[in-house]
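Visitor: Sharing a structure below in structure tokens format, with a few things to ask.
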Amino acid sequence: DSWVVVTEGEKAADAAAVIFPEWVPTTSPNGCGGADKTDWSPLVGRRVVIWPDADEPGRKYADRVAELLRDVGAAFVCEIRLEWFLRLPDGNMRDALPSGWDAADAVTDGYGEEAGKMFLSDSGNLVAPHQEHAAMMAEYDMALEVAEAQQDGTDAYNDARSKFPFEIIEWAKGKRNGVYWLPPAEGCEIPEPLWICSVLKVTSRTRDTLQEAHGRVLEFDDADGCVHQWAMPMSLLAGDGTELRSILLSKGVEISSNRKARELLAEYLQRAKPEKTARCVERTGWHNGAFVLPDSTIGQSDETILFQTSAKATPGFSVHGTLEEWRHGVSRLCRGNSRLLFSVSTAFASPLLYLIGEESGGFNLVGHSSTGKSSAQRAAVSVWGEKSRLLTWKSTVNGLEGQALAHNDTLICLEELSQSNAQEVGDAAYLLANGVGKARAGRDGSARRPATWRVLILSSGEVGLAKHMRTGGKRAMAGQEVRLVDVPADAGAGLGVFENLHGLTDGAEMAGALGRAAEQYHGTAARAFMERLTANLDAVSSQVGAFRRAFLAETLSADADGQVRRVAGRFALVAAGGEMATVMGVTGWEPGAAGWAARRCFESWVLSRGGTGSQEEKTALAQVRLFFERHGEARFTPWDGYANGDRATINRAGFMKESNGQIEYYVLPETFKSEVCEGMDVRFVATLLRAKNVLEIGGEGRMDSRHRLPGLGNVRCYHMIPSRLEDAA
């Protein structure tokens, strides 16, 4: 019944017996070269611990012995965790064990039976072969108790299984690896266990920051030997478990077709009570100083943090190729191309939002079809993952909310703005940039916590946001245009988004090369960037601040409007993201390249916008100008013509007369409020027109003034000289 300890050599075996006197020490003949010449069959069904020497030959010997023991049918095999012996018996620590260090050296160092008891007090000190730091023994404790109880008869067996009627069997001769249910024994017979699924280990309990959303961390191998870890929400155990089994099957777990076994799977997962705990989160991004991705967590936190979801997979974060291959295939082609550099820099800037307390927002690359807008987006997408990250605007507002949550603290790319609902796209822009989802009620009517996120948006479209909204009868507010900035996609070199083809024949060949490279190499750049970023978090804010200040000092004029300054800050953040990724050795670009690209794009935006003044003022003046262009003669009665009865004015808006070579208009009050100022604040428009010398006011301090209008008498109206609008522009 005793455990067996295998060492490399007889001297080491004798020493192991000193430290672990309850174990049976043994070894193979001829040292590390004798594993294959040894008959291991006496250890069938035994529990074996391997004590490897601390060198490469010792490592190979231990791996080979573990393989041979599994082949002959040892009950299970584990190893001594050598790192435990870094602490000497006197309490001092050493950096590493001497090469070739073994059990005999342990006795020489002063370890004895008391040290052995201390070692065995932590089951994590016995580890699975090939997994030096993965504790494996705790999950076997109950199975061992059951196995030992079998030797004492069915009563002891039933008593043991009542605590936990499941066991994991691995590498047992004649047994299929997996999770087994132990049926109750009746009479003198101990029944055969029922296979439920392939090996599925429950390693940790999870819960969120509110002590809700409880779950379990599951570890398993698929048929190709790839190790998986998945944080399973306990809510999936509700109902008949179909959704749970569907997810596990899709991830590579084999599950019995036996109906009872399928039902027992949920019971196994629910009754497992691992001691380790972890914090679960339902979105990617920053959490307590660490950056969480669906398959890994980057950076240090005071507790383990895991991404937990009920979905089969979270697309868009896959990794393919190496960072060097991405640099050569994708990043290299971006050099000398302002729109490409800017797009990729936007991807690097996304996780900086949280670190500097910046709000979400985005950019819309506007240009005709086949200008290469999608190529710029594909390059940006490759920073974080595969092509599936390139989404479409053809979605409901609720659908975009879900996508924003799934891309928290990363980049969200949306193609073809014109495919969105023109009446809803303005609300969608607000929603994405504000970072807060809709308020919703729970099933009991209580308020649910709204979803929140931080993202940078990289959109594309043949038309800009304001123009697309007009097709749906909507007028874009300045706040919407500030949140989603229209950047001309054409870089001005006659090649669409491209300026440097890197020796390729034309834009089509360049787009094809970039697309193929992004398909082959993706996901590595963001992970490398986040690893280097999290390694020095304390300095990030000052570094980003320095890059932003340098950008704004070189780019922004002193008289720029507040809206322009706000947008310039986002361009500066993109420049900082690209420059930091360059300094950290991720992009391979020359220092200053990202800043140059951001300035080019910012200048193009300012030019297409019409300057650095207030957008509300520009919109108001344009609307007033349009009103008089459309209705100047048709709806305004000539002053003298009314008295002469020359013609009737249909749908009259007021009167007009010539004075000192200018046409003056007297706009009736309700027409001014409902039509001239439609959709805008009347006082704001009137005050603006007065400041631009377009609106003449009377002596009462009011914006409207009294005039004796033909046929109407002494009434209030708005006295305007629209020709001065040209000077106001």
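Chain labels follow the order of the structure tokens: the first chain is A, the next B, and so on; residue numbering restarts at 1 in every chain, and ligands are counted from 1 in their shown order.
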Just the residues within 9 Å of region 682-699 of chain A, please, counting only C-alpha atoms, with nothing from its chain fewer than 5 positions along; format it as a list of chain:residue names.
Guide: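 Here the qualifying residues turn out to be A:Glu617, A:Ala620, A:Leu621, A:Val624, A:Phe672, A:Lys673, A:Ser674, A:Val676, A:Cys677, A:Asp704, A:Ser705, A:Arg706, A:Tyr718, A:His719, A:Met720, A:Ile721, A:Pro722, A:Ser723, A:Arg724, A:Leu725, A:Asp727, A:Ala728.
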Visitor: Quick one: residues within 12 Å of Val227 (chain A), only C-alpha atoms, excluding same-chain residues fewer than 3 positions away - as a PyMOL selection string?
Guide: chain A and resi 131+199-201+218-224+230+251-253+295
Visitor: I want to know what sits within 8 Å of region 485-487 of chain A, based on only C-alpha atoms, with residues of the same chain fewer than 5 positions away left out; could you give that as a list in words?
Guide: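 Close residues of region 485-487 of chain A: Gly362, Phe363, Asn364, Leu365, Val366, Gly464, Leu465, Val567, Cys601, Phe602, Ser604 and Trp605 of chain A.
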Visitor: Take the residues just selected and output them with C-alpha atoms as a compact mmCIF listing (two decimals), in the first residue's frame.
Guide:
# COMPACT_ATOMS: atom_id res chain seq x y z
CA GLY A 362 -13.32 57.15 -32.94
CA PHE A 363 -12.45 57.96 -36.51
CA ASN A 364 -14.34 57.33 -39.73
CA LEU A 365 -12.19 56.90 -42.85
CA VAL A 366 -14.28 58.51 -45.58
CA GLY A 464 -19.38 60.84 -43.50
CA LEU A 465 -21.60 60.63 -40.44
CA VAL A 567 -10.55 66.01 -31.16
CA CYS A 601 -4.71 62.88 -40.70
CA PHE A 602 -5.56 65.69 -38.27
CA SER A 604 -6.89 66.56 -43.41
CA TRP A 605 -9.77 66.54 -40.94
Visitor: With DSSP run on the backbone, what are the alpha helix (DSSP H) residues within region 492-723 of chain A? I'd like them as a compact mmCIF listing (two decimals) with N, CA and C atoms, in the first residue's frame.
Guide:
# COMPACT_ATOMS: atom_id res chain seq x y z
N GLY A 507 -1.97 50.13 -56.26
CA GLY A 507 -2.68 50.03 -55.00
C GLY A 507 -3.34 48.69 -54.79
N ALA A 508 -3.84 48.07 -55.87
CA ALA A 508 -4.49 46.77 -55.74
C ALA A 508 -3.51 45.71 -55.26
N GLU A 509 -2.29 45.72 -55.81
CA GLU A 509 -1.29 44.74 -55.39
C GLU A 509 -0.86 45.01 -53.94
N MET A 510 -0.77 46.29 -53.59
CA MET A 510 -0.41 46.65 -52.23
C MET A 510 -1.49 46.18 -51.25
N ALA A 511 -2.76 46.40 -51.61
CA ALA A 511 -3.86 45.97 -50.74
C ALA A 511 -3.86 44.45 -50.59
N GLY A 512 -3.59 43.73 -51.68
CA GLY A 512 -3.55 42.27 -51.62
C GLY A 512 -2.44 41.77 -50.72
N ALA A 513 -1.25 42.37 -50.84
CA ALA A 513 -0.12 41.95 -50.01
C ALA A 513 -0.40 42.22 -48.53
N LEU A 514 -1.00 43.36 -48.25
CA LEU A 514 -1.29 43.71 -46.87
C LEU A 514 -2.35 42.77 -46.29
N GLY A 515 -3.37 42.48 -47.09
CA GLY A 515 -4.43 41.59 -46.63
C GLY A 515 -3.93 40.18 -46.35
N ARG A 516 -3.08 39.66 -47.23
CA ARG A 516 -2.53 38.30 -47.02
C ARG A 516 -1.65 38.25 -45.78
N ALA A 517 -0.86 39.30 -45.59
CA ALA A 517 0.02 39.33 -44.41
C ALA A 517 -0.80 39.38 -43.13
N ALA A 518 -1.87 40.19 -43.13
CA ALA A 518 -2.72 40.28 -41.94
C ALA A 518 -3.43 38.97 -41.67
N GLU A 519 -3.76 38.23 -42.71
CA GLU A 519 -4.41 36.93 -42.55
C GLU A 519 -3.45 35.92 -41.93
N GLN A 520 -2.19 35.99 -42.30
CA GLN A 520 -1.20 35.02 -41.82
C GLN A 520 -0.63 35.37 -40.45
N THR A 524 -0.13 38.95 -32.34
CA THR A 524 1.11 38.96 -31.54
C THR A 524 1.50 40.36 -31.10
N ALA A 525 1.21 41.36 -31.92
CA ALA A 525 1.68 42.71 -31.62
C ALA A 525 1.03 43.26 -30.35
N ALA A 526 -0.28 43.08 -30.20
CA ALA A 526 -0.97 43.60 -29.02
C ALA A 526 -0.47 42.93 -27.75
N ARG A 527 -0.25 41.61 -27.81
CA ARG A 527 0.22 40.90 -26.62
C ARG A 527 1.62 41.34 -26.22
N ALA A 528 2.48 41.52 -27.22
CA ALA A 528 3.83 42.01 -26.91
C ALA A 528 3.77 43.41 -26.32
N PHE A 529 2.91 44.25 -26.89
CA PHE A 529 2.75 45.62 -26.40
C PHE A 529 2.24 45.64 -24.96
N MET A 530 1.23 44.80 -24.67
CA MET A 530 0.66 44.79 -23.32
C MET A 530 1.64 44.21 -22.31
N GLU A 531 2.43 43.23 -22.69
CA GLU A 531 3.43 42.68 -21.78
C GLU A 531 4.44 43.75 -21.38
N ARG A 532 4.87 44.54 -22.35
CA ARG A 532 5.86 45.57 -22.07
C ARG A 532 5.22 46.77 -21.36
N LEU A 533 3.96 47.00 -21.66
CA LEU A 533 3.24 48.10 -21.00
C LEU A 533 3.00 47.79 -19.53
N THR A 534 2.50 46.59 -19.23
CA THR A 534 2.20 46.21 -17.85
C THR A 534 3.45 46.05 -17.01
N VAL A 540 3.68 54.85 -17.42
CA VAL A 540 2.91 54.98 -18.65
C VAL A 540 2.28 56.36 -18.78
N SER A 541 1.62 56.83 -17.73
CA SER A 541 0.91 58.11 -17.81
C SER A 541 1.84 59.25 -18.21
N SER A 542 3.03 59.30 -17.61
CA SER A 542 3.97 60.38 -17.93
C SER A 542 4.49 60.24 -19.36
N GLN A 543 4.71 59.00 -19.82
CA GLN A 543 5.19 58.79 -21.19
C GLN A 543 4.14 59.22 -22.20
N VAL A 544 2.89 58.79 -21.97
CA VAL A 544 1.80 59.18 -22.87
C VAL A 544 1.63 60.69 -22.86
N GLY A 545 1.69 61.29 -21.67
CA GLY A 545 1.56 62.74 -21.57
C GLY A 545 2.62 63.48 -22.34
N ALA A 546 3.83 62.99 -22.30
CA ALA A 546 4.91 63.66 -23.03
C ALA A 546 4.69 63.59 -24.53
N PHE A 547 4.29 62.43 -25.04
CA PHE A 547 4.03 62.31 -26.48
C PHE A 547 2.85 63.20 -26.90
N ARG A 548 1.82 63.26 -26.08
CA ARG A 548 0.64 64.06 -26.43
C ARG A 548 0.97 65.55 -26.44
N ARG A 549 1.70 66.00 -25.43
CA ARG A 549 2.05 67.43 -25.37
C ARG A 549 2.89 67.83 -26.57
N ALA A 550 3.81 66.97 -26.96
CA ALA A 550 4.65 67.28 -28.12
C ALA A 550 3.80 67.37 -29.38
N PHE A 551 2.83 66.47 -29.52
CA PHE A 551 1.96 66.48 -30.70
C PHE A 551 1.12 67.76 -30.73
N LEU A 552 0.49 68.11 -29.61
CA LEU A 552 -0.40 69.27 -29.58
C LEU A 552 0.38 70.57 -29.77
N ALA A 553 1.57 70.65 -29.22
CA ALA A 553 2.38 71.86 -29.37
C ALA A 553 2.73 72.11 -30.83
N GLU A 554 2.93 71.05 -31.57
CA GLU A 554 3.33 71.18 -32.97
C GLU A 554 2.13 71.32 -33.91
N THR A 555 0.95 70.91 -33.45
CA THR A 555 -0.19 70.78 -34.35
C THR A 555 -1.29 71.81 -34.12
N GLY A 562 -12.84 74.79 -28.73
CA GLY A 562 -12.78 73.72 -27.74
C GLY A 562 -13.05 72.35 -28.33
N GLN A 563 -13.96 72.27 -29.30
CA GLN A 563 -14.25 70.99 -29.94
C GLN A 563 -13.03 70.48 -30.70
N VAL A 564 -12.36 71.39 -31.37
CA VAL A 564 -11.17 71.01 -32.13
C VAL A 564 -10.08 70.53 -31.17
N ARG A 565 -9.94 71.20 -30.05
CA ARG A 565 -8.95 70.78 -29.06
C ARG A 565 -9.27 69.39 -28.52
N ARG A 566 -10.55 69.14 -28.34
CA ARG A 566 -10.97 67.82 -27.84
C ARG A 566 -10.61 66.73 -28.84
N VAL A 567 -10.88 66.99 -30.12
CA VAL A 567 -10.55 66.01 -31.16
C VAL A 567 -9.04 65.88 -31.30
N ALA A 568 -8.34 67.00 -31.22
CA ALA A 568 -6.88 66.97 -31.33
C ALA A 568 -6.28 66.10 -30.23
N GLY A 569 -6.90 66.12 -29.05
CA GLY A 569 -6.42 65.27 -27.97
C GLY A 569 -6.51 63.80 -28.31
N ARG A 570 -7.55 63.41 -29.07
CA ARG A 570 -7.68 62.01 -29.47
C ARG A 570 -6.65 61.66 -30.53
N PHE A 571 -6.42 62.55 -31.48
CA PHE A 571 -5.35 62.32 -32.46
C PHE A 571 -4.00 62.20 -31.74
N ALA A 572 -3.80 63.03 -30.72
CA ALA A 572 -2.54 62.99 -29.97
C ALA A 572 -2.39 61.66 -29.24
N LEU A 573 -3.51 61.11 -28.75
CA LEU A 573 -3.46 59.81 -28.08
C LEU A 573 -3.05 58.72 -29.07
N VAL A 574 -3.58 58.79 -30.29
CA VAL A 574 -3.19 57.81 -31.31
C VAL A 574 -1.70 57.93 -31.62
N ALA A 575 -1.22 59.16 -31.74
CA ALA A 575 0.21 59.35 -31.97
C ALA A 575 1.03 58.75 -30.83
N ALA A 576 0.56 58.95 -29.59
CA ALA A 576 1.27 58.40 -28.43
C ALA A 576 1.26 56.88 -28.45
N GLY A 577 0.12 56.28 -28.83
CA GLY A 577 0.05 54.82 -28.90
C GLY A 577 1.05 54.25 -29.88
N GLY A 578 1.12 54.84 -31.06
CA GLY A 578 2.06 54.35 -32.07
C GLY A 578 3.50 54.57 -31.68
N GLU A 579 3.79 55.73 -31.09
CA GLU A 579 5.17 56.03 -30.70
C GLU A 579 5.63 55.12 -29.54
N MET A 580 4.73 54.85 -28.59
CA MET A 580 5.10 53.97 -27.48
C MET A 580 5.35 52.55 -27.97
N ALA A 581 4.50 52.08 -28.90
CA ALA A 581 4.72 50.74 -29.46
C ALA A 581 6.05 50.68 -30.21
N THR A 582 6.42 51.80 -30.82
CA THR A 582 7.71 51.85 -31.53
C THR A 582 8.87 51.83 -30.55
N VAL A 583 8.79 52.66 -29.51
CA VAL A 583 9.85 52.71 -28.50
C VAL A 583 10.02 51.35 -27.82
N ALA A 593 7.36 58.37 -36.69
CA ALA A 593 6.50 58.00 -37.81
C ALA A 593 5.03 58.06 -37.43
N ALA A 594 4.68 57.57 -36.25
CA ALA A 594 3.28 57.58 -35.82
C ALA A 594 2.80 59.01 -35.62
N GLY A 595 3.64 59.87 -35.06
CA GLY A 595 3.27 61.27 -34.87
C GLY A 595 3.06 61.98 -36.20
N TRP A 596 3.93 61.70 -37.17
CA TRP A 596 3.78 62.28 -38.52
C TRP A 596 2.44 61.87 -39.13
N ALA A 597 2.09 60.61 -39.03
CA ALA A 597 0.85 60.12 -39.61
C ALA A 597 -0.36 60.76 -38.94
N ALA A 598 -0.34 60.87 -37.61
CA ALA A 598 -1.46 61.47 -36.89
C ALA A 598 -1.63 62.94 -37.28
N ARG A 599 -0.53 63.65 -37.47
CA ARG A 599 -0.62 65.06 -37.88
C ARG A 599 -1.20 65.18 -39.28
N ARG A 600 -0.78 64.31 -40.19
CA ARG A 600 -1.33 64.35 -41.55
C ARG A 600 -2.83 64.15 -41.53
N CYS A 601 -3.28 63.18 -40.76
CA CYS A 601 -4.71 62.88 -40.70
C CYS A 601 -5.48 64.00 -40.01
N PHE A 602 -4.90 64.58 -38.96
CA PHE A 602 -5.56 65.69 -38.27
C PHE A 602 -5.70 66.89 -39.19
N GLU A 603 -4.64 67.20 -39.91
CA GLU A 603 -4.70 68.34 -40.84
C GLU A 603 -5.74 68.11 -41.93
N SER A 604 -5.87 66.87 -42.41
CA SER A 604 -6.89 66.56 -43.41
C SER A 604 -8.28 66.75 -42.84
N TRP A 605 -8.46 66.36 -41.58
CA TRP A 605 -9.77 66.54 -40.94
C TRP A 605 -10.11 68.02 -40.81
N VAL A 606 -9.15 68.82 -40.35
CA VAL A 606 -9.39 70.26 -40.19
C VAL A 606 -9.73 70.89 -41.53
N LEU A 607 -9.02 70.50 -42.58
CA LEU A 607 -9.27 71.06 -43.90
C LEU A 607 -10.66 70.70 -44.40
N SER A 608 -11.05 69.43 -44.24
CA SER A 608 -12.38 69.01 -44.70
C SER A 608 -13.48 69.61 -43.85
N ARG A 609 -13.17 69.94 -42.62
CA ARG A 609 -14.15 70.52 -41.70
C ARG A 609 -14.39 72.00 -42.00
N GLN A 615 -18.04 74.01 -34.46
CA GLN A 615 -18.88 73.30 -35.42
C GLN A 615 -20.33 73.75 -35.31
N GLU A 616 -20.82 74.04 -34.09
CA GLU A 616 -22.19 74.52 -33.94
C GLU A 616 -22.38 75.84 -34.67
N GLU A 617 -21.39 76.72 -34.58
CA GLU A 617 -21.51 78.00 -35.29
C GLU A 617 -21.50 77.79 -36.79
N LYS A 618 -20.62 76.93 -37.28
CA LYS A 618 -20.56 76.66 -38.72
C LYS A 618 -21.90 76.09 -39.20
N THR A 619 -22.44 75.15 -38.42
CA THR A 619 -23.71 74.54 -38.81
C THR A 619 -24.84 75.55 -38.81
N ALA A 620 -24.89 76.41 -37.78
CA ALA A 620 -25.95 77.42 -37.70
C ALA A 620 -25.88 78.42 -38.85
N LEU A 621 -24.69 78.92 -39.13
CA LEU A 621 -24.54 79.89 -40.23
C LEU A 621 -24.88 79.26 -41.57
N ALA A 622 -24.48 78.00 -41.75
CA ALA A 622 -24.80 77.32 -43.01
C ALA A 622 -26.30 77.14 -43.16
N GLN A 623 -27.00 76.84 -42.07
CA GLN A 623 -28.45 76.64 -42.15
C GLN A 623 -29.17 77.95 -42.45
N VAL A 624 -28.72 79.05 -41.84
CA VAL A 624 -29.32 80.35 -42.13
C VAL A 624 -29.08 80.74 -43.58
N ARG A 625 -27.86 80.53 -44.05
CA ARG A 625 -27.53 80.85 -45.44
C ARG A 625 -28.40 80.05 -46.40
N LEU A 626 -28.58 78.76 -46.10
CA LEU A 626 -29.39 77.90 -46.96
C LEU A 626 -30.84 78.37 -47.00
N PHE A 627 -31.36 78.84 -45.87
CA PHE A 627 -32.75 79.30 -45.84
C PHE A 627 -32.95 80.47 -46.81
N PHE A 628 -32.07 81.44 -46.78
CA PHE A 628 -32.23 82.59 -47.66
C PHE A 628 -31.93 82.25 -49.11
N GLU A 629 -31.01 81.31 -49.35
CA GLU A 629 -30.74 80.88 -50.72
C GLU A 629 -31.98 80.23 -51.33
N ARG A 630 -32.70 79.49 -50.52
CA ARG A 630 -33.88 78.78 -51.03
C ARG A 630 -35.11 79.69 -51.14
N HIS A 631 -35.28 80.59 -50.18
CA HIS A 631 -36.55 81.29 -50.06
C HIS A 631 -36.43 82.81 -50.20
N TRP A 639 -40.99 95.12 -50.37
CA TRP A 639 -41.59 96.19 -49.55
C TRP A 639 -42.50 97.07 -50.39
N ASP A 640 -41.98 97.53 -51.50
CA ASP A 640 -42.77 98.41 -52.35
C ASP A 640 -43.81 97.62 -53.13
N GLY A 641 -43.50 96.41 -53.51
CA GLY A 641 -44.42 95.61 -54.31
C GLY A 641 -45.71 95.30 -53.58
N TYR A 642 -45.68 95.23 -52.25
CA TYR A 642 -46.90 94.93 -51.48
C TYR A 642 -47.90 96.06 -51.66
N ALA A 643 -47.36 97.32 -51.59
CA ALA A 643 -48.26 98.47 -51.71
C ALA A 643 -48.83 98.56 -53.11
N ASN A 644 -48.05 98.16 -54.10
CA ASN A 644 -48.51 98.23 -55.49
C ASN A 644 -49.36 97.04 -55.88
N PRO A 669 -41.54 86.41 -36.70
CA PRO A 669 -41.00 85.70 -35.52
C PRO A 669 -41.14 84.19 -35.56
N GLU A 670 -42.32 83.70 -35.86
CA GLU A 670 -42.51 82.25 -35.81
C GLU A 670 -41.73 81.55 -36.93
N THR A 671 -41.60 82.19 -38.06
CA THR A 671 -40.79 81.61 -39.15
C THR A 671 -39.33 81.54 -38.73
N VAL A 682 -32.82 78.89 -30.41
CA VAL A 682 -33.11 80.18 -31.05
C VAL A 682 -32.20 81.27 -30.50
N ARG A 683 -32.02 81.32 -29.18
CA ARG A 683 -31.19 82.37 -28.60
C ARG A 683 -29.74 82.23 -29.07
N PHE A 684 -29.25 80.96 -29.17
CA PHE A 684 -27.87 80.75 -29.65
C PHE A 684 -27.71 81.28 -31.07
N VAL A 685 -28.67 80.96 -31.95
CA VAL A 685 -28.57 81.40 -33.35
C VAL A 685 -28.66 82.91 -33.44
N ALA A 686 -29.59 83.50 -32.71
CA ALA A 686 -29.76 84.95 -32.77
C ALA A 686 -28.52 85.67 -32.24
N THR A 687 -27.99 85.18 -31.14
CA THR A 687 -26.78 85.79 -30.57
C THR A 687 -25.61 85.68 -31.53
N LEU A 688 -25.48 84.53 -32.20
CA LEU A 688 -24.41 84.33 -33.18
C LEU A 688 -24.56 85.29 -34.35
N LEU A 689 -25.81 85.42 -34.86
CA LEU A 689 -26.05 86.32 -36.00
C LEU A 689 -25.79 87.77 -35.61
N ARG A 690 -26.10 88.11 -34.39
CA ARG A 690 -25.81 89.48 -33.94
C ARG A 690 -24.31 89.70 -33.86
N ALA A 691 -23.56 88.69 -33.35
CA ALA A 691 -22.11 88.82 -33.23
C ALA A 691 -21.46 88.93 -34.60
Visitor: Name the residues in contact with Ala62 (chain A) at a cut-off of 10 Å, using only C-alpha atoms, excluding same-chain residues fewer than 5 positions from it; report them as a list in words.
Guide: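 Once the nearby chain positions are removed, what remains is Val6, Thr7, Glu8, Cys32, Ala35, Val49, Ile50, Trp51, Pro52, Asp53, Glu56, Pro57, Glu67, Leu68, Cys78, Glu79, Pro129 and His130 of chain A.
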Visitor: Write to file, as a short mmCIF file (atom, residue, chain, number, x, y, z; two decimals), in the first residue's frame, the residues of the selection just made, with C-alpha atoms.
Guide:
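Below you can see result.cif, which holds the result:
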data_model
loop_
_atom_site.label_atom_id
_atom_site.label_comp_id
_atom_site.auth_asym_id
_atom_site.auth_seq_id
_atom_site.Cartn_x
_atom_site.Cartn_y
_atom_site.Cartn_z
CA VAL A 6 12.13 6.36 -7.68
CA THR A 7 15.52 8.05 -7.73
CA GLU A 8 18.45 8.06 -10.14
CA CYS A 32 20.18 7.56 -15.93
CA ALA A 35 15.32 3.27 -17.47
CA VAL A 49 6.84 9.61 -6.94
CA ILE A 50 9.90 10.39 -9.08
CA TRP A 51 12.78 12.38 -7.56
CA PRO A 52 14.71 13.76 -10.58
CA ASP A 53 18.28 15.02 -10.45
CA GLU A 56 19.23 17.86 -18.09
CA PRO A 57 20.04 14.11 -17.89
CA GLU A 67 6.26 7.29 -19.52
CA LEU A 68 7.27 3.70 -18.76
CA CYS A 78 3.98 12.45 -9.97
CA GLU A 79 7.27 14.23 -9.20
CA PRO A 129 5.37 15.32 -14.95
CA HIS A 130 5.99 18.06 -17.54
#
Visitor: Which of these residues is nearest to Asp409 (chain A), using only C-alpha atoms: A:Val292, A:Leu458, A:Ile650, A:Ala535?
Guide: A:Val292
Visitor: One decimal, Å: what's the distance from CA of Val127 (chain A) over to CA of Arg81 (chain A), could you say?
Guide: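 Separating CA of Val127 (chain A) from CA of Arg81 (chain A) is a distance of 6.2 Å.
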Visitor: Leaving out Ser310 (chain A) and any residue of its chain fewer than 5 positions from it, which residues lie within 9 Å of it when counting only C-alpha atoms, given as a list in words?
Guide: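 Residues near the query, excluding close chain neighbours: Ala231, Met232, Pro233, Ser235, Leu236, Glu243, Leu244 and Ile247 of chain A.
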Visitor: Could you dump the residues just selected with all heavy atoms as a JSON list (two decimals), in the first residue's frame?
Guide:
[["chain", "number", "residue", "atom", "x", "y", "z"],
["A", 231, "ALA", "N", -13.13, 29.35, -17.83],
["A", 231, "ALA", "CA", -13.88, 29.73, -16.65],
["A", 231, "ALA", "C", -15.36, 29.58, -16.94],
["A", 231, "ALA", "O", -15.93, 30.34, -17.72],
["A", 231, "ALA", "CB", -13.55, 31.17, -16.25],
["A", 232, "MET", "N", -15.97, 28.57, -16.36],
["A", 232, "MET", "CA", -17.36, 28.22, -16.64],
["A", 232, "MET", "C", -18.30, 28.91, -15.66],
["A", 232, "MET", "O", -18.17, 28.75, -14.45],
["A", 232, "MET", "CB", -17.54, 26.70, -16.52],
["A", 232, "MET", "CG", -18.98, 26.23, -16.67],
["A", 232, "MET", "SD", -19.27, 24.62, -15.90],
["A", 232, "MET", "CE", -19.22, 25.03, -14.16],
["A", 233, "PRO", "N", -19.28, 29.68, -16.11],
["A", 233, "PRO", "CA", -20.28, 30.24, -15.20],
["A", 233, "PRO", "C", -21.15, 29.11, -14.63],
["A", 233, "PRO", "O", -21.59, 28.23, -15.37],
["A", 233, "PRO", "CB", -21.11, 31.16, -16.11],
["A", 233, "PRO", "CG", -20.29, 31.38, -17.34],
["A", 233, "PRO", "CD", -19.47, 30.14, -17.50],
["A", 235, "SER", "N", -24.06, 29.32, -13.83],
["A", 235, "SER", "CA", -25.42, 29.44, -14.38],
["A", 235, "SER", "C", -25.67, 28.44, -15.50],
["A", 235, "SER", "O", -26.82, 28.12, -15.80],
["A", 235, "SER", "CB", -25.65, 30.87, -14.88],
["A", 235, "SER", "OG", -24.71, 31.21, -15.89],
["A", 236, "LEU", "N", -24.59, 27.93, -16.14],
["A", 236, "LEU", "CA", -24.77, 26.95, -17.20],
["A", 236, "LEU", "C", -25.24, 25.60, -16.68],
["A", 236, "LEU", "O", -25.67, 24.75, -17.46],
["A", 236, "LEU", "CB", -23.46, 26.76, -17.98],
["A", 236, "LEU", "CG", -23.05, 27.90, -18.90],
["A", 236, "LEU", "CD1", -21.70, 27.60, -19.54],
["A", 236, "LEU", "CD2", -24.10, 28.12, -19.98],
["A", 243, "GLU", "N", -26.60, 23.35, -23.06],
["A", 243, "GLU", "CA", -25.70, 24.43, -23.48],
["A", 243, "GLU", "C", -24.29, 24.17, -22.97],
["A", 243, "GLU", "O", -23.31, 24.37, -23.70],
["A", 243, "GLU", "CB", -26.21, 25.77, -22.98],
["A", 243, "GLU", "CG", -25.40, 26.96, -23.49],
["A", 243, "GLU", "CD", -25.95, 28.29, -23.03],
["A", 243, "GLU", "OE1", -26.97, 28.30, -22.31],
["A", 243, "GLU", "OE2", -25.35, 29.32, -23.37],
["A", 244, "LEU", "N", -24.17, 23.70, -21.73],
["A", 244, "LEU", "CA", -22.86, 23.40, -21.17],
["A", 244, "LEU", "C", -22.16, 22.31, -21.98],
["A", 244, "LEU", "O", -21.00, 22.46, -22.35],
["A", 244, "LEU", "CB", -23.01, 22.94, -19.72],
["A", 244, "LEU", "CG", -21.77, 22.30, -19.08],
["A", 244, "LEU", "CD1", -20.65, 23.32, -18.96],
["A", 244, "LEU", "CD2", -22.11, 21.68, -17.74],
["A", 247, "ILE", "N", -20.85, 23.56, -25.33],
["A", 247, "ILE", "CA", -19.62, 24.35, -25.26],
["A", 247, "ILE", "C", -18.42, 23.44, -25.02],
["A", 247, "ILE", "O", -17.38, 23.57, -25.67],
["A", 247, "ILE", "CB", -19.74, 25.40, -24.15],
["A", 247, "ILE", "CG1", -20.82, 26.43, -24.51],
["A", 247, "ILE", "CG2", -18.40, 26.09, -23.92],
["A", 247, "ILE", "CD1", -21.11, 27.43, -23.41]]
Visitor: With only C-alpha atoms as the atoms that count, which of A:Asp55, A:Glu192, A:Glu212, A:Asp427 lies nearest to Met477 (chain A)?
Guide: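 The shortest atom-to-atom distance to Met477 (chain A) comes from A:Asp427.
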